[in-house]
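Undergrad: Take this structure, written in structure tokens, and hold onto it; I'll ask about it next.
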Amino acid sequence: MKIVVDTHTHSVASGHAYSTVQENSKAACRHGLKAWVLTDHGPKLLGGPCLYHFGNLRIIPPIMDGVRFLKGVEANILNLEGELDMPADYLARLDFVLAGFHENCFAPGTLEAHMKAIEAAMRNPLVDAISHPGNPVYPIDIEGFVRLAGECGKPVEINNSSFNVRPGSAERCAAIARSCVRQGVRVVCGSDAHISFDVGRFDKVLKVFREIGMPKTLVINASIRSFDAYLEERRARVAASLSRNGR
Ligand SMILES: [Zn+2]
Ligand SMILES: [Zn+2]
């Protein structure tokens, strides 16, 4: 299996990442990706970009180095209501939206608190996936989390960097992936690159997938066709929610 779209990457705009859009694009090309999503951190993260960063993403060419560029964010979940640090009209203009916990935006609490906030964020039609759900700093009920993603029609992120930078994640990420296989819930792989060398790098995730027999049909970014099909599905979901809200 090969992952052809990286749905989780950061640039210098995140404040603690070290590569530019152009460096990431070249790396995406070198690693044979068909598309990649820039998901810089939301504005409330320490050192994160301001809202204008997201409003101006449209000036970035849609194809660079022969690879498609997609606009995204890794927004911060702020509270138990699943509120994010970006207004809905900004989120609605992006191609792929991650939402996750980061320590200066949501203090680690009980498993119940994490699940409540995640459920609220996941039910937001503008959110595509919860970032690094295997982070042991924010324990979750793995079976319940995967079931909820399935119910909401959202893919579960399996984050390659978690295996390297979030101690204690490996077991939890593998358990999450196993639960997705068991429950037939789709997954999406993100490198969570904070430097261009890691864009398109999925070595740890693919090793786990081989060990547990992850079927390619469940991995939305294992082919450009299945990723485009997901983008189509999310556009319909976002459009329906905007028309319900009278926008
Ligand atoms: Zn980061
Ligand atoms: Zn990230």
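Letters A, B, ... go to the chains of the structure tokens in the order shown; residues in each chain start at 1; ligands are counted from 1 in the same order.
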Taking only C-alpha atoms and all ligand atoms and a cut-off of 8 Å, can you tell me which residues surround ligand 2, written as an mmCIF file with N, CA and C atoms, in the first residue's frame?
TA:
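result.cif written:
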```
data_model
loop_
_atom_site.group_PDB
_atom_site.id
_atom_site.type_symbol
_atom_site.label_atom_id
_atom_site.label_comp_id
_atom_site.auth_asym_id
_atom_site.auth_seq_id
_atom_site.Cartn_x
_atom_site.Cartn_y
_atom_site.Cartn_z
ATOM 1 N N HIS A 8 -1.802 16.014 6.591
ATOM 2 C CA HIS A 8 -1.429 16.690 7.838
ATOM 3 C C HIS A 8 0.032 17.154 7.742
ATOM 4 N N THR A 9 0.222 18.427 7.400
ATOM 5 C CA THR A 9 1.580 18.976 7.306
ATOM 6 C C THR A 9 1.600 20.407 7.853
ATOM 7 N N HIS A 10 2.744 20.806 8.339
ATOM 8 C CA HIS A 10 2.915 22.154 8.888
ATOM 9 C C HIS A 10 4.027 22.908 8.160
ATOM 10 N N THR A 39 -1.818 21.981 6.823
ATOM 11 C CA THR A 39 -2.713 22.094 7.988
ATOM 12 C C THR A 39 -1.959 22.762 9.134
ATOM 13 N N ASP A 40 -1.635 24.040 8.933
ATOM 14 C CA ASP A 40 -0.962 24.744 10.021
ATOM 15 C C ASP A 40 -1.897 24.831 11.229
ATOM 16 N N HIS A 41 -1.284 25.002 12.399
ATOM 17 C CA HIS A 41 -2.067 25.046 13.645
ATOM 18 C C HIS A 41 -3.011 26.243 13.650
ATOM 19 N N GLU A 74 -5.160 22.646 11.240
ATOM 20 C CA GLU A 74 -5.320 21.774 12.410
ATOM 21 C C GLU A 74 -5.826 22.694 13.516
ATOM 22 N N SER A 131 -7.225 15.132 15.047
ATOM 23 C CA SER A 131 -5.788 14.888 14.870
ATOM 24 C C SER A 131 -5.212 14.121 16.061
ATOM 25 N N HIS A 132 -4.197 13.333 15.757
ATOM 26 C CA HIS A 132 -3.486 12.458 16.711
ATOM 27 C C HIS A 132 -4.347 11.952 17.888
ATOM 28 N N ASP A 192 1.951 14.562 9.767
ATOM 29 C CA ASP A 192 2.141 15.590 10.799
ATOM 30 C C ASP A 192 3.560 16.156 10.710
ATOM 31 N N ALA A 193 4.040 16.304 9.467
ATOM 32 C CA ALA A 193 5.398 16.809 9.255
ATOM 33 C C ALA A 193 5.530 18.223 9.793
ATOM 34 N N HIS A 194 6.609 18.470 10.549
ATOM 35 C CA HIS A 194 6.949 19.821 10.979
ATOM 36 C C HIS A 194 8.244 20.276 10.302
#
```
Undergrad: Please return, as a PDB file with C-alpha atoms, in the first residue's frame, all residues of segment 46-205 of chain A that DSSP assigns to strand (DSSP E or B) on the basis of the backbone.
TA:
```pdb
ATOM      1  CA  ILE A  63      -0.646  22.693  -8.379  1.00  0.00           C
ATOM      2  CA  MET A  64       3.034  23.093  -7.526  1.00  0.00           C
ATOM      3  CA  VAL A  67       1.447  17.964  -7.065  1.00  0.00           C
ATOM      4  CA  ARG A  68      -1.981  19.216  -6.001  1.00  0.00           C
ATOM      5  CA  PHE A  69      -2.040  21.627  -3.081  1.00  0.00           C
ATOM      6  CA  LEU A  70      -5.014  21.656  -0.688  1.00  0.00           C
ATOM      7  CA  LYS A  71      -5.890  24.198   1.969  1.00  0.00           C
ATOM      8  CA  GLY A  72      -6.390  23.034   5.535  1.00  0.00           C
ATOM      9  CA  VAL A  73      -5.977  23.686   9.225  1.00  0.00           C
ATOM     10  CA  GLU A  74      -5.320  21.774  12.410  1.00  0.00           C
ATOM     11  CA  ALA A  75      -7.765  23.724  14.541  1.00  0.00           C
ATOM     12  CA  ASN A  76      -7.708  23.618  18.330  1.00  0.00           C
ATOM     13  CA  ILE A  77     -10.583  22.157  20.325  1.00  0.00           C
ATOM     14  CA  LEU A  84     -12.767  25.516  17.626  1.00  0.00           C
ATOM     15  CA  PHE A  96      -9.669  19.562   4.794  1.00  0.00           C
ATOM     16  CA  VAL A  97     -10.102  20.376   8.478  1.00  0.00           C
ATOM     17  CA  LEU A  98      -8.401  18.617  11.363  1.00  0.00           C
ATOM     18  CA  ALA A  99      -9.358  19.394  14.953  1.00  0.00           C
ATOM     19  CA  GLY A 100      -7.381  18.294  17.966  1.00  0.00           C
ATOM     20  CA  ALA A 129     -10.880  14.225  11.366  1.00  0.00           C
ATOM     21  CA  ILE A 130      -9.569  14.444  14.913  1.00  0.00           C
ATOM     22  CA  VAL A 156      -9.918   8.298  11.813  1.00  0.00           C
ATOM     23  CA  GLU A 157      -6.454   9.855  11.604  1.00  0.00           C
ATOM     24  CA  ILE A 158      -3.469   7.547  12.050  1.00  0.00           C
ATOM     25  CA  ASN A 159      -0.608   9.960  12.647  1.00  0.00           C
ATOM     26  CA  VAL A 187      -8.848   5.862   8.230  1.00  0.00           C
ATOM     27  CA  VAL A 188      -6.723   8.728   6.902  1.00  0.00           C
ATOM     28  CA  CYS A 189      -2.936   8.846   7.300  1.00  0.00           C
ATOM     29  CA  GLY A 190      -1.189  12.100   8.120  1.00  0.00           C
ATOM     30  CA  ALA A 193       5.398  16.809   9.255  1.00  0.00           C
TER      31      ALA A 193
END
```
Undergrad: So which residues touch Ile3 of chain A within 10 Å, counting only C-alpha atoms, skipping near sequence neighbours fewer than 5 positions away, as a PyMOL selection string?
TA: chain A and resi 31-34+188-190+200-202+205-206+216+219-224
Undergrad: Atom CA of Ile118 of chain A to atom CA of Asn24 of chain A: how many Å, to one decimal?
TA: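 A separation of 29.3 Å between them.
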Undergrad: Using only C-alpha atoms for the distances, tell me which of A:Val37, A:Ile176, A:Met115, A:Val146 is nearest to Leu94 of chain A.
TA: A:Val37
Undergrad: Please extract the residues of segment 127-244 of chain A with a backbone DSSP assignment of alpha helix (DSSP H) and present them as a PyMOL selection string.
TA: chain A and resi 142-152+162-165+169-183+203-212+224-244
Undergrad: Atom CA of Glu23 of chain A and atom CA of Ala229 of chain A, how far apart in Å?
TA: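 Interatomic distance, atom CA of Ala229 of chain A to atom CA of Glu23 of chain A: 27.8 Å.
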Undergrad: Calculate how many Å separate atom CA of Val181 of chain A from atom CA of Thr217 of chain A, rounding to one decimal.
TA: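 These two atoms are separated by 10.4 Å.
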Undergrad: Which residues are close to Ile140 of chain A, i.e. within 12 Å by only C-alpha atoms, leaving aside same-chain residues fewer than 5 positions away? Reply as a PDB file with C-alpha atoms, in the first residue's frame.
TA:
```
ATOM      1  CA  PHE A 101      -6.206  18.815  21.516  1.00  0.00           C
ATOM      2  CA  PRO A 108      -5.844  17.402  29.766  1.00  0.00           C
ATOM      3  CA  GLY A 109      -8.729  16.137  31.912  1.00  0.00           C
ATOM      4  CA  THR A 110     -10.734  12.968  32.345  1.00  0.00           C
ATOM      5  CA  LEU A 111     -11.421  10.417  29.636  1.00  0.00           C
ATOM      6  CA  GLU A 112     -15.071  11.512  29.776  1.00  0.00           C
ATOM      7  CA  ALA A 113     -14.150  15.148  29.205  1.00  0.00           C
ATOM      8  CA  HIS A 114     -11.953  14.256  26.217  1.00  0.00           C
ATOM      9  CA  MET A 115     -14.735  12.119  24.727  1.00  0.00           C
ATOM     10  CA  LYS A 116     -17.356  14.830  25.219  1.00  0.00           C
ATOM     11  CA  ALA A 117     -15.226  17.483  23.498  1.00  0.00           C
ATOM     12  CA  ILE A 118     -14.240  15.099  20.702  1.00  0.00           C
ATOM     13  CA  GLU A 119     -17.829  14.046  20.098  1.00  0.00           C
ATOM     14  CA  ILE A 130      -9.569  14.444  14.913  1.00  0.00           C
ATOM     15  CA  HIS A 132      -3.486  12.458  16.711  1.00  0.00           C
ATOM     16  CA  PRO A 133      -6.234  10.648  18.695  1.00  0.00           C
ATOM     17  CA  GLY A 134      -3.596   8.185  19.971  1.00  0.00           C
ATOM     18  CA  ASN A 135      -1.957  10.842  22.155  1.00  0.00           C
ATOM     19  CA  PHE A 145     -14.242   6.921  19.481  1.00  0.00           C
ATOM     20  CA  VAL A 146     -13.965   4.728  16.385  1.00  0.00           C
ATOM     21  CA  LEU A 148     -18.524   7.618  16.695  1.00  0.00           C
ATOM     22  CA  ARG A 172      -2.681   3.314  21.235  1.00  0.00           C
ATOM     23  CA  CYS A 173      -2.347   4.160  17.523  1.00  0.00           C
ATOM     24  CA  ALA A 175      -5.194  -0.242  18.893  1.00  0.00           C
ATOM     25  CA  ILE A 176      -7.119   2.540  17.138  1.00  0.00           C
TER      26      ILE A 176
END
```
Undergrad: Hey, which of A:Arg123, A:Lys2, A:Arg166, A:Arg30 ends up closest to ligand 1? Count only C-alpha atoms and all ligand atoms.
TA: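 That would be A:Arg166, the residue with the smallest distance to ligand 1.
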Undergrad: List the spatial neighbours of Leu45 of chain A as JSON, numbers by chain - criterion: any atom at most 8 Å away, only C-alpha atoms, same-chain residues fewer than 6 positions off excluded.
TA: {"A": [76, 102, 104, 105]}
Undergrad: Counting only C-alpha atoms and all ligand atoms, which of A:Tyr18, A:Tyr52, A:Tyr230, A:Phe163 gets nearest to ligand 1?
TA: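 Ranked by minimum distance to ligand 1, first place goes to A:Tyr18.
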Undergrad: For Ala177 of chain A, which residue out of A:Leu80, A:Ala92, A:Val21, A:Ile142 is the nearest one, using only C-alpha atoms?
TA: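 Checking each of A:Leu80, A:Ala92, A:Val21, A:Ile142 against Ala177 of chain A, counting only C-alpha atoms, the winner is A:Ile142.
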Undergrad: Have a look at A:Leu38, A:Ala107, A:Val238, A:Ala174 and name the one nearest to Arg210 of chain A; count only C-alpha atoms.
TA: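 For Arg210 of chain A, the nearest of the candidates is A:Ala174.
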Undergrad: Do a neighbour search on Arg178 of chain A at 9 Å with only C-alpha atoms, toss out local chain neighbours closer than 5 positions, and write the hits as a list in words.
TA: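 My reading of the contact set: Cys173, Gln183, Phe209, Ile212, Gly213 and Met214 of chain A.
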Undergrad: Name the closest residue to Pro215 of chain A among the candidates A:Gly15, A:Pro61, A:Cys180, A:Ala120; distances are taken between atoms, counting only C-alpha atoms.
TA: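 Under the stated criterion, the closest residue is A:Cys180.
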